[in-house]
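J.: Next comes the structure file my_file-v1.tsv, holding TSV, N, CA and C atoms.
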```
chain	number	residue	atom	x	y	z
B	1	MET	N	102.55	103.03	153.00
B	1	MET	CA	102.83	101.98	152.04
B	1	MET	C	101.56	101.47	151.38
B	2	ILE	N	100.58	101.14	152.15
B	2	ILE	CA	99.36	100.58	151.59
B	2	ILE	C	98.65	101.62	150.73
B	3	LYS	N	98.64	102.87	151.19
B	3	LYS	CA	97.99	103.93	150.42
B	3	LYS	C	98.69	104.11	149.07
B	4	GLU	N	100.01	104.03	149.07
B	4	GLU	CA	100.77	104.15	147.83
B	4	GLU	C	100.45	102.99	146.89
B	5	ASP	N	100.35	101.79	147.45
B	5	ASP	CA	100.01	100.62	146.65
B	5	ASP	C	98.62	100.76	146.03
B	6	ILE	N	97.70	101.32	146.80
B	6	ILE	CA	96.34	101.52	146.30
B	6	ILE	C	96.35	102.52	145.15
B	7	VAL	N	97.09	103.60	145.32
B	7	VAL	CA	97.18	104.62	144.27
B	7	VAL	C	97.79	104.01	143.00
B	8	ILE	N	98.83	103.25	143.15
B	8	ILE	CA	99.48	102.59	142.01
B	8	ILE	C	98.51	101.64	141.33
B	9	GLN	N	97.80	100.85	142.11
B	9	GLN	CA	96.84	99.90	141.54
B	9	GLN	C	95.70	100.61	140.83
B	10	GLU	N	95.22	101.71	141.41
B	10	GLU	CA	94.16	102.48	140.76
B	10	GLU	C	94.63	103.06	139.43
B	11	ASP	N	95.87	103.53	139.38
B	11	ASP	CA	96.43	104.04	138.13
B	11	ASP	C	96.51	102.93	137.08
B	12	GLN	N	96.96	101.76	137.50
B	12	GLN	CA	97.04	100.63	136.57
B	12	GLN	C	95.64	100.24	136.08
B	13	ASN	N	94.67	100.24	136.98
B	13	ASN	CA	93.29	99.92	136.59
B	13	ASN	C	92.76	100.92	135.57
B	14	LYS	N	93.05	102.19	135.81
B	14	LYS	CA	92.60	103.23	134.88
B	14	LYS	C	93.24	103.03	133.50
B	15	GLU	N	94.54	102.76	133.47
B	15	GLU	CA	95.23	102.53	132.20
B	15	GLU	C	94.65	101.32	131.47
B	16	LEU	N	94.41	100.24	132.21
B	16	LEU	CA	93.85	99.04	131.60
B	16	LEU	C	92.42	99.27	131.10
B	17	PHE	N	91.64	100.04	131.84
B	17	PHE	CA	90.29	100.36	131.41
B	17	PHE	C	90.33	101.15	130.10
B	18	GLU	N	91.20	102.15	130.04
B	18	GLU	CA	91.34	102.96	128.82
B	18	GLU	C	91.80	102.10	127.65
B	19	LYS	N	92.71	101.18	127.93
B	19	LYS	CA	93.18	100.28	126.87
B	19	LYS	C	92.04	99.39	126.38
B	20	ASN	N	91.22	98.89	127.28
B	20	ASN	CA	90.06	98.07	126.90
B	20	ASN	C	89.08	98.85	126.05
B	21	VAL	N	88.84	100.10	126.42
B	21	VAL	CA	87.94	100.95	125.63
B	21	VAL	C	88.50	101.12	124.23
B	22	TYR	N	89.79	101.42	124.13
B	22	TYR	CA	90.43	101.58	122.83
B	22	TYR	C	90.33	100.30	122.00
B	23	LEU	N	90.63	99.17	122.61
B	23	LEU	CA	90.58	97.90	121.89
B	23	LEU	C	89.17	97.55	121.42
B	24	GLU	N	88.18	97.86	122.22
B	24	GLU	CA	86.78	97.62	121.83
B	24	GLU	C	86.41	98.49	120.64
B	25	GLN	N	86.83	99.75	120.65
B	25	GLN	CA	86.57	100.64	119.52
B	25	GLN	C	87.28	100.14	118.26
B	26	GLU	N	88.51	99.69	118.42
B	26	GLU	CA	89.28	99.17	117.28
B	26	GLU	C	88.62	97.91	116.72
B	27	LYS	N	88.12	97.06	117.60
B	27	LYS	CA	87.42	95.85	117.17
B	27	LYS	C	86.19	96.21	116.34
B	28	LYS	N	85.40	97.17	116.82
B	28	LYS	CA	84.21	97.61	116.09
B	28	LYS	C	84.59	98.20	114.74
B	29	ARG	N	85.65	99.00	114.72
B	29	ARG	CA	86.10	99.62	113.47
B	29	ARG	C	86.53	98.56	112.46
B	30	LEU	N	87.27	97.58	112.93
B	30	LEU	CA	87.72	96.52	112.02
B	30	LEU	C	86.55	95.68	111.52
B	31	ASN	N	85.61	95.37	112.40
B	31	ASN	CA	84.44	94.60	111.99
B	31	ASN	C	83.62	95.36	110.97
B	32	SER	N	83.42	96.65	111.19
B	32	SER	CA	82.64	97.43	110.23
B	32	SER	C	83.41	97.55	108.93
B	33	GLY	N	84.73	97.57	108.99
B	33	GLY	CA	85.54	97.61	107.77
B	33	GLY	C	85.36	96.34	106.96
B	34	ILE	N	85.32	95.21	107.64
B	34	ILE	CA	85.11	93.94	106.96
B	34	ILE	C	83.73	93.91	106.32
B	35	GLU	N	82.74	94.38	107.06
B	35	GLU	CA	81.38	94.42	106.51
B	35	GLU	C	81.29	95.36	105.32
B	36	ALA	N	82.00	96.48	105.40
B	36	ALA	CA	81.99	97.44	104.29
B	36	ALA	C	82.65	96.83	103.06
B	37	ILE	N	83.76	96.14	103.26
B	37	ILE	CA	84.45	95.49	102.14
B	37	ILE	C	83.56	94.42	101.53
B	38	GLU	N	82.90	93.64	102.38
B	38	GLU	CA	82.00	92.60	101.88
B	38	GLU	C	80.85	93.23	101.10
B	39	GLY	N	80.31	94.32	101.61
B	39	GLY	CA	79.23	95.01	100.92
B	39	GLY	C	79.65	95.53	99.56
B	40	LEU	N	80.85	96.10	99.49
B	40	LEU	CA	81.36	96.58	98.20
B	40	LEU	C	81.59	95.42	97.24
B	41	ALA	N	82.15	94.34	97.74
B	41	ALA	CA	82.39	93.17	96.88
B	41	ALA	C	81.07	92.63	96.33
B	42	ARG	N	80.05	92.65	97.15
B	42	ARG	CA	78.75	92.16	96.70
B	42	ARG	C	78.13	93.10	95.68
B	43	SER	N	78.13	94.40	95.98
B	43	SER	CA	77.43	95.34	95.09
B	43	SER	C	78.22	95.65	93.83
B	44	GLU	N	79.54	95.82	93.95
B	44	GLU	CA	80.34	96.22	92.79
B	44	GLU	C	80.77	95.04	91.93
B	45	LEU	N	81.05	93.92	92.56
B	45	LEU	CA	81.58	92.77	91.83
B	45	LEU	C	80.58	91.64	91.68
B	46	GLY	N	79.46	91.74	92.36
B	46	GLY	CA	78.44	90.69	92.27
B	46	GLY	C	78.84	89.40	92.95
B	47	LEU	N	79.74	89.47	93.93
B	47	LEU	CA	80.17	88.26	94.63
B	47	LEU	C	79.08	87.80	95.59
B	48	ILE	N	78.93	86.51	95.69
B	48	ILE	CA	77.89	85.94	96.55
B	48	ILE	C	78.47	84.79	97.37
B	49	LYS	N	77.76	84.45	98.41
B	49	LYS	CA	78.14	83.30	99.23
B	49	LYS	C	77.51	82.05	98.62
B	50	PRO	N	78.07	80.87	98.90
B	50	PRO	CA	77.48	79.64	98.37
B	50	PRO	C	76.01	79.53	98.78
B	51	GLY	N	75.17	79.18	97.82
B	51	GLY	CA	73.75	79.00	98.08
B	51	GLY	C	72.92	80.27	97.94
B	52	GLU	N	73.57	81.41	97.74
B	52	GLU	CA	72.84	82.67	97.58
B	52	GLU	C	72.55	82.94	96.11
B	53	VAL	N	71.54	83.74	95.88
B	53	VAL	CA	71.21	84.20	94.54
B	53	VAL	C	71.38	85.72	94.55
B	54	PHE	N	72.13	86.24	93.59
B	54	PHE	CA	72.41	87.68	93.54
B	54	PHE	C	71.52	88.34	92.50
B	55	TYR	N	70.83	89.38	92.91
B	55	TYR	CA	70.01	90.18	92.00
B	55	TYR	C	70.58	91.60	91.99
B	56	GLN	N	70.77	92.13	90.80
B	56	GLN	CA	71.24	93.51	90.70
B	56	GLN	C	70.27	94.28	89.83
B	57	PHE	N	69.77	95.36	90.36
B	57	PHE	CA	68.81	96.18	89.63
B	57	PHE	C	69.51	97.44	89.16
B	58	LYS	N	69.32	97.74	87.88
B	58	LYS	CA	69.93	98.94	87.32
B	58	LYS	C	68.98	100.12	87.49
B	59	LYS	N	69.57	101.29	87.68
B	59	LYS	CA	68.78	102.51	87.79
B	59	LYS	C	68.35	102.94	86.39
B	60	ASP	N	67.28	103.73	86.32
B	60	ASP	CA	66.74	104.17	85.04
B	60	ASP	C	67.79	104.88	84.19
B	61	ASN	N	68.60	105.76	84.81
B	61	ASN	CA	69.60	106.48	84.02
B	61	ASN	C	70.67	105.54	83.47
B	62	GLU	N	70.99	104.46	84.18
B	62	GLU	CA	71.94	103.48	83.67
B	62	GLU	C	71.35	102.74	82.47
B	63	ILE	N	70.07	102.41	82.54
B	63	ILE	CA	69.41	101.71	81.44
B	63	ILE	C	69.38	102.62	80.21
B	64	ARG	N	69.06	103.91	80.40
B	64	ARG	CA	69.05	104.85	79.28
B	64	ARG	C	70.43	104.95	78.65
B	65	LYS	N	71.46	105.01	79.48
B	65	LYS	CA	72.83	105.12	78.97
B	65	LYS	C	73.19	103.88	78.14
B	66	ILE	N	72.83	102.70	78.63
B	66	ILE	CA	73.11	101.45	77.91
B	66	ILE	C	72.36	101.44	76.58
B	67	ASN	N	71.09	101.83	76.60
B	67	ASN	CA	70.30	101.86	75.37
B	67	ASN	C	70.86	102.85	74.37
B	68	THR	N	71.33	104.00	74.84
B	68	THR	CA	71.93	104.99	73.95
B	68	THR	C	73.19	104.43	73.30
B	69	LEU	N	74.01	103.76	74.09
B	69	LEU	CA	75.23	103.16	73.54
B	69	LEU	C	74.89	102.08	72.51
B	70	LYS	N	73.88	101.29	72.78
B	70	LYS	CA	73.47	100.25	71.82
B	70	LYS	C	72.99	100.89	70.53
B	71	GLU	N	72.21	101.96	70.64
B	71	GLU	CA	71.70	102.64	69.45
B	71	GLU	C	72.84	103.24	68.64
B	72	GLU	N	73.82	103.81	69.31
B	72	GLU	CA	74.97	104.39	68.62
B	72	GLU	C	75.74	103.32	67.87
B	73	ARG	N	75.90	102.16	68.46
B	73	ARG	CA	76.61	101.06	67.80
B	73	ARG	C	75.83	100.57	66.58
B	74	LEU	N	74.52	100.53	66.68
B	74	LEU	CA	73.70	100.09	65.56
B	74	LEU	C	73.77	101.09	64.41
B	75	ASP	N	73.91	102.37	64.72
B	75	ASP	CA	73.98	103.41	63.69
B	75	ASP	C	75.31	103.39	62.95
B	76	GLU	N	76.32	102.80	63.52
B	76	GLU	CA	77.65	102.78	62.89
B	76	GLU	C	77.73	101.83	61.75
```
Could you take the file, read its structure, and then write that structure out as structure tokens?
T.:
Amino acid sequence: MIKEDIVIQEDQNKELFEKNVYLEQEKKRLNSGIEAIEGLARSELGLIKPGEVFYQFKKDNEIRKINTLKEERLDE
């Protein structure tokens, strides 16, 4: 009887341990998802938190593209 109880308890412990591992991984995944969403909102939409200052730097090829579009509009 006692040996059977020990085996049952060990099985339950193993299941609970595996569930805890899964939940910890899920927690990390969800947290990184939130951080990724926040990062996209900041970089793509320029969203900031209160008291922050947002700076966005354009790449050289983006600046050239903008200048080309401006020149085309001026030529029209």
J.: Edge lengths and centre in Å to one decimal, as JSON, of the axis-aligned box that encloses all listed atoms of region 19-26 of chain B with 5 Å added on every side?
T.:
```
{"center_x": 89.8, "center_y": 99.6, "center_z": 122.3, "size_x": 16.8, "size_y": 14.0, "size_z": 21.2}
```
J.: Identify all residues of chain B in helix (DSSP H, G or I) (DSSP on the backbone) and supply them as a short mmCIF file (atom, residue, chain, number, x, y, z; two decimals) with N, CA and C atoms, in the frame of the given file.
T.:
```cif
data_model
loop_
_atom_site.label_atom_id
_atom_site.label_comp_id
_atom_site.auth_asym_id
_atom_site.auth_seq_id
_atom_site.Cartn_x
_atom_site.Cartn_y
_atom_site.Cartn_z
N ILE B 2 100.58 101.14 152.15
CA ILE B 2 99.36 100.58 151.59
C ILE B 2 98.65 101.62 150.73
N LYS B 3 98.64 102.87 151.19
CA LYS B 3 97.99 103.93 150.42
C LYS B 3 98.69 104.11 149.07
N GLU B 4 100.01 104.03 149.07
CA GLU B 4 100.77 104.15 147.83
C GLU B 4 100.45 102.99 146.89
N ASP B 5 100.35 101.79 147.45
CA ASP B 5 100.01 100.62 146.65
C ASP B 5 98.62 100.76 146.03
N ILE B 6 97.70 101.32 146.80
CA ILE B 6 96.34 101.52 146.30
C ILE B 6 96.35 102.52 145.15
N VAL B 7 97.09 103.60 145.32
CA VAL B 7 97.18 104.62 144.27
C VAL B 7 97.79 104.01 143.00
N ILE B 8 98.83 103.25 143.15
CA ILE B 8 99.48 102.59 142.01
C ILE B 8 98.51 101.64 141.33
N GLN B 9 97.80 100.85 142.11
CA GLN B 9 96.84 99.90 141.54
C GLN B 9 95.70 100.61 140.83
N GLU B 10 95.22 101.71 141.41
CA GLU B 10 94.16 102.48 140.76
C GLU B 10 94.63 103.06 139.43
N ASP B 11 95.87 103.53 139.38
CA ASP B 11 96.43 104.04 138.13
C ASP B 11 96.51 102.93 137.08
N GLN B 12 96.96 101.76 137.50
CA GLN B 12 97.04 100.63 136.57
C GLN B 12 95.64 100.24 136.08
N ASN B 13 94.67 100.24 136.98
CA ASN B 13 93.29 99.92 136.59
C ASN B 13 92.76 100.92 135.57
N LYS B 14 93.05 102.19 135.81
CA LYS B 14 92.60 103.23 134.88
C LYS B 14 93.24 103.03 133.50
N GLU B 15 94.54 102.76 133.47
CA GLU B 15 95.23 102.53 132.20
C GLU B 15 94.65 101.32 131.47
N LEU B 16 94.41 100.24 132.21
CA LEU B 16 93.85 99.04 131.60
C LEU B 16 92.42 99.27 131.10
N PHE B 17 91.64 100.04 131.84
CA PHE B 17 90.29 100.36 131.41
C PHE B 17 90.33 101.15 130.10
N GLU B 18 91.20 102.15 130.04
CA GLU B 18 91.34 102.96 128.82
C GLU B 18 91.80 102.10 127.65
N LYS B 19 92.71 101.18 127.93
CA LYS B 19 93.18 100.28 126.87
C LYS B 19 92.04 99.39 126.38
N ASN B 20 91.22 98.89 127.28
CA ASN B 20 90.06 98.07 126.90
C ASN B 20 89.08 98.85 126.05
N VAL B 21 88.84 100.10 126.42
CA VAL B 21 87.94 100.95 125.63
C VAL B 21 88.50 101.12 124.23
N TYR B 22 89.79 101.42 124.13
CA TYR B 22 90.43 101.58 122.83
C TYR B 22 90.33 100.30 122.00
N LEU B 23 90.63 99.17 122.61
CA LEU B 23 90.58 97.90 121.89
C LEU B 23 89.17 97.55 121.42
N GLU B 24 88.18 97.86 122.22
CA GLU B 24 86.78 97.62 121.83
C GLU B 24 86.41 98.49 120.64
N GLN B 25 86.83 99.75 120.65
CA GLN B 25 86.57 100.64 119.52
C GLN B 25 87.28 100.14 118.26
N GLU B 26 88.51 99.69 118.42
CA GLU B 26 89.28 99.17 117.28
C GLU B 26 88.62 97.91 116.72
N LYS B 27 88.12 97.06 117.60
CA LYS B 27 87.42 95.85 117.17
C LYS B 27 86.19 96.21 116.34
N LYS B 28 85.40 97.17 116.82
CA LYS B 28 84.21 97.61 116.09
C LYS B 28 84.59 98.20 114.74
N ARG B 29 85.65 99.00 114.72
CA ARG B 29 86.10 99.62 113.47
C ARG B 29 86.53 98.56 112.46
N LEU B 30 87.27 97.58 112.93
CA LEU B 30 87.72 96.52 112.02
C LEU B 30 86.55 95.68 111.52
N ASN B 31 85.61 95.37 112.40
CA ASN B 31 84.44 94.60 111.99
C ASN B 31 83.62 95.36 110.97
N SER B 32 83.42 96.65 111.19
CA SER B 32 82.64 97.43 110.23
C SER B 32 83.41 97.55 108.93
N GLY B 33 84.73 97.57 108.99
CA GLY B 33 85.54 97.61 107.77
C GLY B 33 85.36 96.34 106.96
N ILE B 34 85.32 95.21 107.64
CA ILE B 34 85.11 93.94 106.96
C ILE B 34 83.73 93.91 106.32
N GLU B 35 82.74 94.38 107.06
CA GLU B 35 81.38 94.42 106.51
C GLU B 35 81.29 95.36 105.32
N ALA B 36 82.00 96.48 105.40
CA ALA B 36 81.99 97.44 104.29
C ALA B 36 82.65 96.83 103.06
N ILE B 37 83.76 96.14 103.26
CA ILE B 37 84.45 95.49 102.14
C ILE B 37 83.56 94.42 101.53
N GLU B 38 82.90 93.64 102.38
CA GLU B 38 82.00 92.60 101.88
C GLU B 38 80.85 93.23 101.10
N GLY B 39 80.31 94.32 101.61
CA GLY B 39 79.23 95.01 100.92
C GLY B 39 79.65 95.53 99.56
N LEU B 40 80.85 96.10 99.49
CA LEU B 40 81.36 96.58 98.20
C LEU B 40 81.59 95.42 97.24
N ALA B 41 82.15 94.34 97.74
CA ALA B 41 82.39 93.17 96.88
C ALA B 41 81.07 92.63 96.33
N ARG B 42 80.05 92.65 97.15
CA ARG B 42 78.75 92.16 96.70
C ARG B 42 78.13 93.10 95.68
N SER B 43 78.13 94.40 95.98
CA SER B 43 77.43 95.34 95.09
C SER B 43 78.22 95.65 93.83
N GLU B 44 79.54 95.82 93.95
CA GLU B 44 80.34 96.22 92.79
C GLU B 44 80.77 95.04 91.93
N LEU B 45 81.05 93.92 92.56
CA LEU B 45 81.58 92.77 91.83
C LEU B 45 80.58 91.64 91.68
N ASP B 60 67.28 103.73 86.32
CA ASP B 60 66.74 104.17 85.04
C ASP B 60 67.79 104.88 84.19
N ASN B 61 68.60 105.76 84.81
CA ASN B 61 69.60 106.48 84.02
C ASN B 61 70.67 105.54 83.47
N GLU B 62 70.99 104.46 84.18
CA GLU B 62 71.94 103.48 83.67
C GLU B 62 71.35 102.74 82.47
N ILE B 63 70.07 102.41 82.54
CA ILE B 63 69.41 101.71 81.44
C ILE B 63 69.38 102.62 80.21
N ARG B 64 69.06 103.91 80.40
CA ARG B 64 69.05 104.85 79.28
C ARG B 64 70.43 104.95 78.65
N LYS B 65 71.46 105.01 79.48
CA LYS B 65 72.83 105.12 78.97
C LYS B 65 73.19 103.88 78.14
N ILE B 66 72.83 102.70 78.63
CA ILE B 66 73.11 101.45 77.91
C ILE B 66 72.36 101.44 76.58
N ASN B 67 71.09 101.83 76.60
CA ASN B 67 70.30 101.86 75.37
C ASN B 67 70.86 102.85 74.37
N THR B 68 71.33 104.00 74.84
CA THR B 68 71.93 104.99 73.95
C THR B 68 73.19 104.43 73.30
N LEU B 69 74.01 103.76 74.09
CA LEU B 69 75.23 103.16 73.54
C LEU B 69 74.89 102.08 72.51
N LYS B 70 73.88 101.29 72.78
CA LYS B 70 73.47 100.25 71.82
C LYS B 70 72.99 100.89 70.53
N GLU B 71 72.21 101.96 70.64
CA GLU B 71 71.70 102.64 69.45
C GLU B 71 72.84 103.24 68.64
N GLU B 72 73.82 103.81 69.31
CA GLU B 72 74.97 104.39 68.62
C GLU B 72 75.74 103.32 67.87
N ARG B 73 75.90 102.16 68.46
CA ARG B 73 76.61 101.06 67.80
C ARG B 73 75.83 100.57 66.58
N LEU B 74 74.52 100.53 66.68
CA LEU B 74 73.70 100.09 65.56
C LEU B 74 73.77 101.09 64.41
N ASP B 75 73.91 102.37 64.72
CA ASP B 75 73.98 103.41 63.69
C ASP B 75 75.31 103.39 62.95
#
```
J.: I'd like the interatomic distance between atom N of Ile2 (chain B) and CA of Lys14 (chain B), to a tenth of an Å.
T.: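 Between atom N of Ile2 (chain B) and CA of Lys14 (chain B) the gap is 19.1 Å.
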J.: Give me, please, the distance in Å between atom N of Arg29 (chain B) and atom N of Phe17 (chain B), quoted to one decimal.
T.: 18.2 Å
J.: So how far away is CA of Glu26 (chain B) from CA of Ile8 (chain B), in Å?
T.: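 Going from CA of Ile8 (chain B) over to CA of Glu26 (chain B) covers 27.0 Å.
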J.: Write out as a PyMOL selection string each polymer residue whose atoms come within 9 Å of region 35-46 of chain B, counting only C-alpha atoms; drop sequence neighbours fewer than 3 positions from it.
T.: chain B and resi 30-32+54-56
